[in-house]
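Colleague: Contents of data09.pdb (PDB, C-alpha atoms) are given next:
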ATOM      1  CA  MET A 250      89.777 -18.357 158.096  1.00  0.00           C
ATOM      2  CA  GLN A 251      86.913 -16.449 156.536  1.00  0.00           C
ATOM      3  CA  PHE A 252      86.663 -14.401 153.352  1.00  0.00           C
ATOM      4  CA  PHE A 253      86.010 -10.685 153.510  1.00  0.00           C
ATOM      5  CA  VAL A 254      85.214  -8.437 150.569  1.00  0.00           C
ATOM      6  CA  LEU A 255      87.290  -5.334 149.855  1.00  0.00           C
ATOM      7  CA  ARG A 256      85.969  -2.509 147.721  1.00  0.00           C
ATOM      8  CA  VAL A 257      88.831  -1.316 145.488  1.00  0.00           C
ATOM      9  CA  ALA A 258      89.389   1.201 142.707  1.00  0.00           C
ATOM     10  CA  SER A 259      88.006   0.026 139.363  1.00  0.00           C
ATOM     11  CA  ASN A 260      90.485  -1.716 137.075  1.00  0.00           C
ATOM     12  CA  LYS A 261      93.014  -1.870 139.927  1.00  0.00           C
ATOM     13  CA  GLU A 262      91.985  -5.266 141.324  1.00  0.00           C
ATOM     14  CA  ASP A 263      95.090  -7.116 140.129  1.00  0.00           C
ATOM     15  CA  ARG A 264      97.407  -4.332 141.255  1.00  0.00           C
ATOM     16  CA  VAL A 265      95.783  -4.274 144.730  1.00  0.00           C
ATOM     17  CA  ARG A 266      96.038  -8.082 144.996  1.00  0.00           C
ATOM     18  CA  ASP A 267      99.733  -8.024 144.102  1.00  0.00           C
ATOM     19  CA  ALA A 268     100.418  -5.140 146.519  1.00  0.00           C
ATOM     20  CA  LEU A 269      98.597  -6.955 149.335  1.00  0.00           C
ATOM     21  CA  ASP A 270     100.549 -10.159 148.638  1.00  0.00           C
ATOM     22  CA  ARG A 271     103.829  -8.238 148.880  1.00  0.00           C
ATOM     23  CA  LYS A 272     102.819  -6.358 152.048  1.00  0.00           C
ATOM     24  CA  VAL A 273     101.661  -9.543 153.799  1.00  0.00           C
ATOM     25  CA  LYS A 274     105.016 -11.200 153.098  1.00  0.00           C
ATOM     26  CA  ILE A 275     107.028  -8.136 154.140  1.00  0.00           C
ATOM     27  CA  GLU A 276     105.053  -7.696 157.379  1.00  0.00           C
ATOM     28  CA  GLY A 277     105.081 -11.439 158.124  1.00  0.00           C
ATOM     29  CA  LEU A 278     101.277 -11.681 158.339  1.00  0.00           C
ATOM     30  CA  GLU A 279     100.905 -15.023 156.539  1.00  0.00           C
ATOM     31  CA  ALA A 280      99.378 -16.546 159.693  1.00  0.00           C
ATOM     32  CA  HIS A 281      96.510 -14.026 159.592  1.00  0.00           C
ATOM     33  CA  VAL A 282      96.036 -13.522 155.844  1.00  0.00           C
ATOM     34  CA  GLY A 283      95.286 -16.437 153.540  1.00  0.00           C
ATOM     35  CA  ARG A 284      94.333 -16.262 149.891  1.00  0.00           C
ATOM     36  CA  ILE A 285      93.717 -12.994 148.081  1.00  0.00           C
ATOM     37  CA  LEU A 286      91.466 -13.599 145.077  1.00  0.00           C
ATOM     38  CA  VAL A 287      90.233 -11.691 142.032  1.00  0.00           C
ATOM     39  CA  PRO A 288      87.901 -14.187 140.289  1.00  0.00           C
ATOM     40  CA  THR A 289      88.091 -14.015 136.489  1.00  0.00           C
ATOM     41  CA  GLU A 290      86.797 -15.991 133.551  1.00  0.00           C
ATOM     42  CA  ARG A 291      88.364 -16.530 130.139  1.00  0.00           C
ATOM     43  CA  VAL A 292      86.356 -14.833 127.384  1.00  0.00           C
ATOM     44  CA  ARG A 293      86.715 -15.375 123.649  1.00  0.00           C
ATOM     45  CA  VAL A 294      85.621 -12.506 121.430  1.00  0.00           C
ATOM     46  CA  HIS A 295      85.379 -12.454 117.642  1.00  0.00           C
ATOM     47  CA  LYS A 296      85.358  -9.166 115.784  1.00  0.00           C
ATOM     48  CA  GLN A 297      85.669  -8.992 112.012  1.00  0.00           C
ATOM     49  CA  GLY A 298      87.135 -12.480 111.828  1.00  0.00           C
ATOM     50  CA  VAL A 299      89.812 -11.913 114.471  1.00  0.00           C
ATOM     51  CA  ARG A 300      89.672 -14.087 117.572  1.00  0.00           C
ATOM     52  CA  LYS A 301      90.847 -12.549 120.845  1.00  0.00           C
ATOM     53  CA  GLU A 302      90.975 -14.093 124.288  1.00  0.00           C
ATOM     54  CA  SER A 303      91.008 -12.101 127.501  1.00  0.00           C
ATOM     55  CA  ASP A 304      90.230 -12.407 131.190  1.00  0.00           C
ATOM     56  CA  ARG A 305      87.053 -10.749 132.440  1.00  0.00           C
ATOM     57  CA  LYS A 306      86.637 -10.016 136.123  1.00  0.00           C
ATOM     58  CA  LEU A 307      83.565 -11.661 137.613  1.00  0.00           C
ATOM     59  CA  TYR A 308      83.297  -9.030 140.365  1.00  0.00           C
ATOM     60  CA  PRO A 309      84.758  -5.748 139.066  1.00  0.00           C
ATOM     61  CA  GLY A 310      85.785  -3.383 141.852  1.00  0.00           C
ATOM     62  CA  TYR A 311      86.153  -6.099 144.503  1.00  0.00           C
ATOM     63  CA  VAL A 312      88.974  -8.209 145.936  1.00  0.00           C
ATOM     64  CA  PHE A 313      88.353 -11.190 148.237  1.00  0.00           C
ATOM     65  CA  VAL A 314      90.708 -11.599 151.201  1.00  0.00           C
ATOM     66  CA  GLU A 315      90.824 -14.635 153.493  1.00  0.00           C
ATOM     67  CA  LEU A 316      91.541 -13.516 157.069  1.00  0.00           C
ATOM     68  CA  GLU A 317      92.038 -15.150 160.472  1.00  0.00           C
ATOM     69  CA  LEU A 318      90.120 -13.247 163.169  1.00  0.00           C
ATOM     70  CA  ASP A 319      91.420 -12.633 166.701  1.00  0.00           C
ATOM     71  CA  LYS A 320      89.843 -14.001 169.919  1.00  0.00           C
ATOM     72  CA  GLU A 321      87.227 -11.219 169.994  1.00  0.00           C
ATOM     73  CA  GLY A 322      86.162 -12.012 166.419  1.00  0.00           C
ATOM     74  CA  ARG A 323      87.802  -8.913 164.914  1.00  0.00           C
ATOM     75  CA  ILE A 324      90.432  -8.414 162.276  1.00  0.00           C
ATOM     76  CA  PRO A 325      93.821  -7.959 164.022  1.00  0.00           C
ATOM     77  CA  GLU A 326      94.856  -4.292 164.102  1.00  0.00           C
ATOM     78  CA  LYS A 327      98.131  -4.793 162.235  1.00  0.00           C
ATOM     79  CA  VAL A 328      96.325  -6.681 159.447  1.00  0.00           C
ATOM     80  CA  TRP A 329      93.570  -4.047 159.329  1.00  0.00           C
ATOM     81  CA  PHE A 330      96.015  -1.164 158.860  1.00  0.00           C
ATOM     82  CA  THR A 331      98.195  -3.073 156.391  1.00  0.00           C
ATOM     83  CA  ILE A 332      95.158  -3.676 154.186  1.00  0.00           C
ATOM     84  CA  LYS A 333      93.581  -0.226 154.617  1.00  0.00           C
ATOM     85  CA  GLU A 334      96.849   1.598 153.838  1.00  0.00           C
ATOM     86  CA  THR A 335      97.303  -0.227 150.531  1.00  0.00           C
ATOM     87  CA  GLU A 336      96.906   2.044 147.524  1.00  0.00           C
ATOM     88  CA  GLY A 337      93.617   1.497 145.708  1.00  0.00           C
ATOM     89  CA  VAL A 338      91.787  -0.092 148.678  1.00  0.00           C
ATOM     90  CA  GLY A 339      88.505   1.576 149.593  1.00  0.00           C
ATOM     91  CA  ASP A 340      86.832  -0.218 152.465  1.00  0.00           C
ATOM     92  CA  PHE A 341      85.595  -3.595 153.644  1.00  0.00           C
ATOM     93  CA  ILE A 342      82.016  -4.551 152.832  1.00  0.00           C
ATOM     94  CA  GLY A 343      79.896  -4.595 155.970  1.00  0.00           C
ATOM     95  CA  SER A 344      77.456  -2.604 158.062  1.00  0.00           C
ATOM     96  CA  ASN A 345      78.224   0.144 160.585  1.00  0.00           C
ATOM     97  CA  GLY A 346      81.906   0.183 159.621  1.00  0.00           C
ATOM     98  CA  LYS A 347      82.337  -3.412 160.835  1.00  0.00           C
ATOM     99  CA  PRO A 348      83.475  -5.841 158.121  1.00  0.00           C
ATOM    100  CA  THR A 349      81.141  -8.748 157.578  1.00  0.00           C
ATOM    101  CA  ALA A 350      82.468 -12.143 156.510  1.00  0.00           C
ATOM    102  CA  MET A 351      80.967 -13.819 153.456  1.00  0.00           C
ATOM    103  CA  SER A 352      78.488 -16.604 154.059  1.00  0.00           C
ATOM    104  CA  VAL A 353      79.825 -20.140 153.596  1.00  0.00           C
ATOM    105  CA  LYS A 354      77.576 -20.646 150.554  1.00  0.00           C
ATOM    106  CA  ASP A 355      78.848 -17.447 148.889  1.00  0.00           C
ATOM    107  CA  GLN A 356      82.445 -18.335 149.784  1.00  0.00           C
ATOM    108  CA  ASP A 357      82.151 -21.764 148.202  1.00  0.00           C
ATOM    109  CA  ARG A 358      80.621 -20.353 145.008  1.00  0.00           C
ATOM    110  CA  MET A 359      83.231 -17.580 144.738  1.00  0.00           C
ATOM    111  CA  ILE A 360      86.160 -19.972 145.383  1.00  0.00           C
ATOM    112  CA  GLU A 361      84.807 -22.392 142.788  1.00  0.00           C
ATOM    113  CA  GLU A 362      84.590 -19.565 140.230  1.00  0.00           C
ATOM    114  CA  ALA A 363      88.044 -18.206 141.167  1.00  0.00           C
ATOM    115  CA  GLU A 364      89.770 -21.579 140.935  1.00  0.00           C
ATOM    116  CA  LYS A 365      87.879 -22.837 137.894  1.00  0.00           C
ATOM    117  CA  LYS A 366      90.339 -23.601 135.139  1.00  0.00           C
ATOM    118  CA  ASP A 367      89.728 -22.398 131.617  1.00  0.00           C
ATOM    119  CA  ASP A 368      87.547 -24.959 129.904  1.00  0.00           C
ATOM    120  CA  PRO A 369      89.528 -26.294 126.957  1.00  0.00           C
ATOM    121  CA  THR A 370      86.358 -27.126 125.010  1.00  0.00           C
ATOM    122  CA  THR A 371      85.573 -24.671 122.265  1.00  0.00           C
ATOM    123  CA  PRO A 372      82.123 -23.286 121.578  1.00  0.00           C
ATOM    124  CA  VAL A 373      82.112 -25.332 118.360  1.00  0.00           C
ATOM    125  CA  GLU A 374      81.129 -28.319 120.513  1.00  0.00           C
ATOM    126  CA  ALA A 375      77.847 -26.566 121.268  1.00  0.00           C
ATOM    127  CA  PHE A 376      76.715 -27.536 117.762  1.00  0.00           C
ATOM    128  CA  LYS A 377      75.483 -31.025 117.003  1.00  0.00           C
ATOM    129  CA  LYS A 378      74.882 -32.823 113.712  1.00  0.00           C
ATOM    130  CA  GLY A 379      71.358 -32.235 112.405  1.00  0.00           C
ATOM    131  CA  GLU A 380      70.839 -28.949 114.304  1.00  0.00           C
ATOM    132  CA  LYS A 381      69.365 -25.928 112.529  1.00  0.00           C
ATOM    133  CA  VAL A 382      71.709 -22.902 112.426  1.00  0.00           C
ATOM    134  CA  LYS A 383      71.810 -19.438 110.891  1.00  0.00           C
ATOM    135  CA  VAL A 384      74.888 -17.837 109.287  1.00  0.00           C
ATOM    136  CA  THR A 385      75.683 -14.522 111.002  1.00  0.00           C
ATOM    137  CA  ASN A 386      78.839 -13.424 109.172  1.00  0.00           C
ATOM    138  CA  GLY A 387      80.389 -13.633 105.729  1.00  0.00           C
ATOM    139  CA  PRO A 388      79.014 -13.807 102.180  1.00  0.00           C
ATOM    140  CA  PHE A 389      76.255 -16.243 103.215  1.00  0.00           C
ATOM    141  CA  GLU A 390      74.959 -14.070 106.071  1.00  0.00           C
ATOM    142  CA  ASN A 391      71.294 -14.731 107.000  1.00  0.00           C
ATOM    143  CA  PHE A 392      71.266 -18.113 105.212  1.00  0.00           C
ATOM    144  CA  GLU A 393      69.908 -20.981 107.286  1.00  0.00           C
ATOM    145  CA  GLY A 394      71.050 -24.560 107.206  1.00  0.00           C
ATOM    146  CA  GLU A 395      71.604 -27.779 109.073  1.00  0.00           C
ATOM    147  CA  VAL A 396      74.840 -28.888 110.753  1.00  0.00           C
ATOM    148  CA  ASP A 397      76.385 -31.703 108.718  1.00  0.00           C
ATOM    149  CA  GLU A 398      79.732 -32.154 110.489  1.00  0.00           C
ATOM    150  CA  VAL A 399      81.667 -30.574 113.382  1.00  0.00           C
ATOM    151  CA  PHE A 400      85.453 -30.149 113.225  1.00  0.00           C
ATOM    152  CA  GLY A 401      86.277 -29.441 116.880  1.00  0.00           C
ATOM    153  CA  GLU A 402      90.061 -29.157 116.581  1.00  0.00           C
ATOM    154  CA  GLN A 403      89.819 -26.707 113.671  1.00  0.00           C
ATOM    155  CA  GLY A 404      86.967 -24.697 115.215  1.00  0.00           C
ATOM    156  CA  LYS A 405      84.864 -25.204 112.093  1.00  0.00           C
ATOM    157  CA  VAL A 406      81.419 -26.525 111.264  1.00  0.00           C
ATOM    158  CA  ARG A 407      80.118 -27.814 107.916  1.00  0.00           C
ATOM    159  CA  ILE A 408      76.510 -26.903 107.291  1.00  0.00           C
ATOM    160  CA  VAL A 409      74.238 -27.711 104.380  1.00  0.00           C
ATOM    161  CA  THR A 410      72.134 -24.837 103.107  1.00  0.00           C
ATOM    162  CA  THR A 411      69.980 -24.402  99.999  1.00  0.00           C
ATOM    163  CA  ILE A 412      71.320 -22.059  97.318  1.00  0.00           C
ATOM    164  CA  PHE A 413      69.341 -21.724  94.049  1.00  0.00           C
ATOM    165  CA  GLY A 414      67.225 -24.718  95.073  1.00  0.00           C
ATOM    166  CA  ARG A 415      70.211 -27.054  95.542  1.00  0.00           C
ATOM    167  CA  PRO A 416      71.761 -28.324  98.779  1.00  0.00           C
ATOM    168  CA  THR A 417      75.174 -26.697  99.175  1.00  0.00           C
ATOM    169  CA  PRO A 418      77.741 -27.512 101.864  1.00  0.00           C
ATOM    170  CA  LEU A 419      79.445 -24.545 103.554  1.00  0.00           C
ATOM    171  CA  GLU A 420      82.445 -24.869 105.850  1.00  0.00           C
ATOM    172  CA  LEU A 421      82.333 -22.040 108.390  1.00  0.00           C
ATOM    173  CA  GLU A 422      84.048 -21.139 111.630  1.00  0.00           C
ATOM    174  CA  TYR A 423      81.869 -21.593 114.713  1.00  0.00           C
ATOM    175  CA  TRP A 424      81.672 -17.859 115.397  1.00  0.00           C
ATOM    176  CA  GLN A 425      80.038 -17.317 111.982  1.00  0.00           C
ATOM    177  CA  ILE A 426      76.912 -19.275 112.921  1.00  0.00           C
ATOM    178  CA  GLU A 427      74.347 -19.288 115.687  1.00  0.00           C
ATOM    179  CA  LYS A 428      71.300 -21.236 116.693  1.00  0.00           C
ATOM    180  CA  PRO A 429      68.129 -19.476 115.442  1.00  0.00           C
TER     181      PRO A 429
END
Would it be possible to restate this file's structure as structure tokens?
Modeller:
Amino acid sequence: MQFFVLRVASNKEDRVRDALDRKVKIEGLEAHVGRILVPTERVRVHKQGVRKESDRKLYPGYVFVELELDKEGRIPEKVWFTIKETEGVGDFIGSNGKPTAMSVKDQDRMIEEAEKKDDPTTPVEAFKKGEKVKVTNGPFENFEGEVDEVFGEQGKVRIVTTIFGRPTPLELEYWQIEKP
């Protein structure tokens, strides 16, 4: 089986994937259609002290479909029409109206990204003791200091900065600091 790329309506990737999964099962095309992927990555965003997590599509507007070709090296007609008649599907990527399979290297990279599990490590682990950092949020914004201790489970970092000529420890969340 080889992966082919489908151009789909923006923000409809998940809906197209689910519809294709259903149609393949209803039509009994599991022998010709393998995985249908929409590679995403988990993104953590911090705005005004509120942490939000969401999935971001790595290839917006595209769905990857693994297909078994027939003896002539073409997509079987029934599979072709099942996919093309799905709401939200534009066209296959390829030249002269003939779908082109992804290269093995691109397939491997895309599959690795699609199947990559969310990394449980938090960005707080990017900071190491003794590193110089700058405060980007809160009452001590624009102060610079040195990382004294990292609290990975709490998502916090203790830094030592100089306030009025004296070393002062500050305990901040990791999103409140950055490397200068």
Colleague: Please write out, as AutoDock Vina command-line options, where the centre of an axis-aligned box around all listed atoms of segment 258-270 of chain A lies and how long its edges are, in Å to one decimal, after adding 6 Å on each side.
Modeller:
--center_x 94.3 --center_y -4.5 --center_z 143.2 --size_x 24.5 --size_y 23.4 --size_z 24.3
Colleague: With the file shown as input, list the residues that the PyMOL selection byres ((chain A and resi 391-403) around 9) selects, as a VMD selection string.
Modeller: chain A and resid 370 to 374 376 to 386 389 to 390 404 to 412 418 422 429
Colleague: Please write the residues picked by the PyMOL selection byres ((chain A and resi 351) around 9) on this file as a list in words.
Modeller: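 When the PyMOL selection byres ((chain A and resi 351) around 9) is applied, the selected residues are Gln251, Phe252, Phe253, Val254, Thr349, Ala350, Ser352, Val353, Lys354, Asp355 and Gln356 of chain A.
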Colleague: Write out as a tab-separated table the residues of segment 282-352 of chain A that have any atom within 10 Å of an atom of segment 259-269 of chain A, one row each with the nearest atom pair and its distance in Å to one decimal, counting all atoms listed in the file, sorted by chain and then rising number.
Modeller:
residue	atom	partner	partner_atom	distance
A:Val282	CA	A:Leu269	CA	9.6
A:Arg284	CA	A:Arg266	CA	9.7
A:Ile285	CA	A:Arg266	CA	6.2
A:Leu286	CA	A:Arg266	CA	7.2
A:Val287	CA	A:Glu262	CA	6.7
A:Pro288	CA	A:Glu262	CA	9.9
A:Lys306	CA	A:Glu262	CA	8.8
A:Tyr308	CA	A:Glu262	CA	9.5
A:Pro309	CA	A:Ser259	CA	6.6
A:Gly310	CA	A:Ser259	CA	4.8
A:Tyr311	CA	A:Glu262	CA	6.7
A:Val312	CA	A:Glu262	CA	6.2
A:Phe313	CA	A:Arg266	CA	8.9
A:Val314	CA	A:Arg266	CA	8.9
A:Thr331	CA	A:Leu269	CA	8.1
A:Ile332	CA	A:Leu269	CA	6.8
A:Lys333	CA	A:Leu269	CA	9.9
A:Glu334	CA	A:Leu269	CA	9.8
A:Thr335	CA	A:Leu269	CA	7.0
A:Glu336	CA	A:Val265	CA	7.0
A:Gly337	CA	A:Val265	CA	6.2
A:Val338	CA	A:Val265	CA	7.0
Colleague: Excluding Met250 of chain A and any residue of its chain fewer than 2 positions from it, enumerate the residues within 8 Å of it, using only C-alpha atoms, and give them as a count of residues only.
Modeller: 6
Colleague: Could you please determine the separation between atom CA of Gly277 of chain A and atom CA of Asp340 of chain A in Å, to one decimal place?
Modeller: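 Atom CA of Gly277 of chain A sits 22.2 Å away from atom CA of Asp340 of chain A.
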Colleague: To one decimal place in Å, what is the distance between atom CA of Glu427 of chain A and atom CA of Ala375 of chain A?
Modeller: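 Atom-to-atom, atom CA of Glu427 of chain A and atom CA of Ala375 of chain A are spaced 9.8 Å apart.
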Colleague: Name the residues captured by the PyMOL selection byres ((chain A and resi 291) around 7) when it is applied to the shown file; answer as a PDB file with C-alpha atoms, keeping the file's coordinate frame.
Modeller:
ATOM      1  CA  THR A 289      88.091 -14.015 136.489  1.00  0.00           C
ATOM      2  CA  GLU A 290      86.797 -15.991 133.551  1.00  0.00           C
ATOM      3  CA  VAL A 292      86.356 -14.833 127.384  1.00  0.00           C
ATOM      4  CA  ARG A 293      86.715 -15.375 123.649  1.00  0.00           C
ATOM      5  CA  GLU A 302      90.975 -14.093 124.288  1.00  0.00           C
ATOM      6  CA  SER A 303      91.008 -12.101 127.501  1.00  0.00           C
ATOM      7  CA  ASP A 304      90.230 -12.407 131.190  1.00  0.00           C
ATOM      8  CA  ARG A 305      87.053 -10.749 132.440  1.00  0.00           C
ATOM      9  CA  ASP A 367      89.728 -22.398 131.617  1.00  0.00           C
TER      10      ASP A 367
END
Colleague: Given the choices A:Arg271, A:Lys347, A:Ile360, A:Gly387, which gets closest to Glu420 of chain A if the distance is worked out from all atoms listed in the file?
Modeller: A:Gly387
Colleague: Which of these residues is nearest to Leu278 of chain A, using all atoms listed in the file: A:Met359, A:Ile342, A:Ile324, A:Ile426?
Modeller: A:Ile324
Colleague: Given the choices A:Pro388, A:Pro348, A:Trp329, A:Glu361, which gets closest to Val273 of chain A if the distance is worked out from all atoms listed in the file?
Modeller: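 Between A:Pro388, A:Pro348, A:Trp329, A:Glu361, the residue approaching Val273 of chain A most closely is A:Trp329.
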Colleague: Provide the atom CA of Ala280 of chain A to atom CA of Ala258 of chain A distance in Å, to one decimal place.
Modeller: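 Separation between atom CA of Ala280 of chain A and atom CA of Ala258 of chain A: 26.5 Å.
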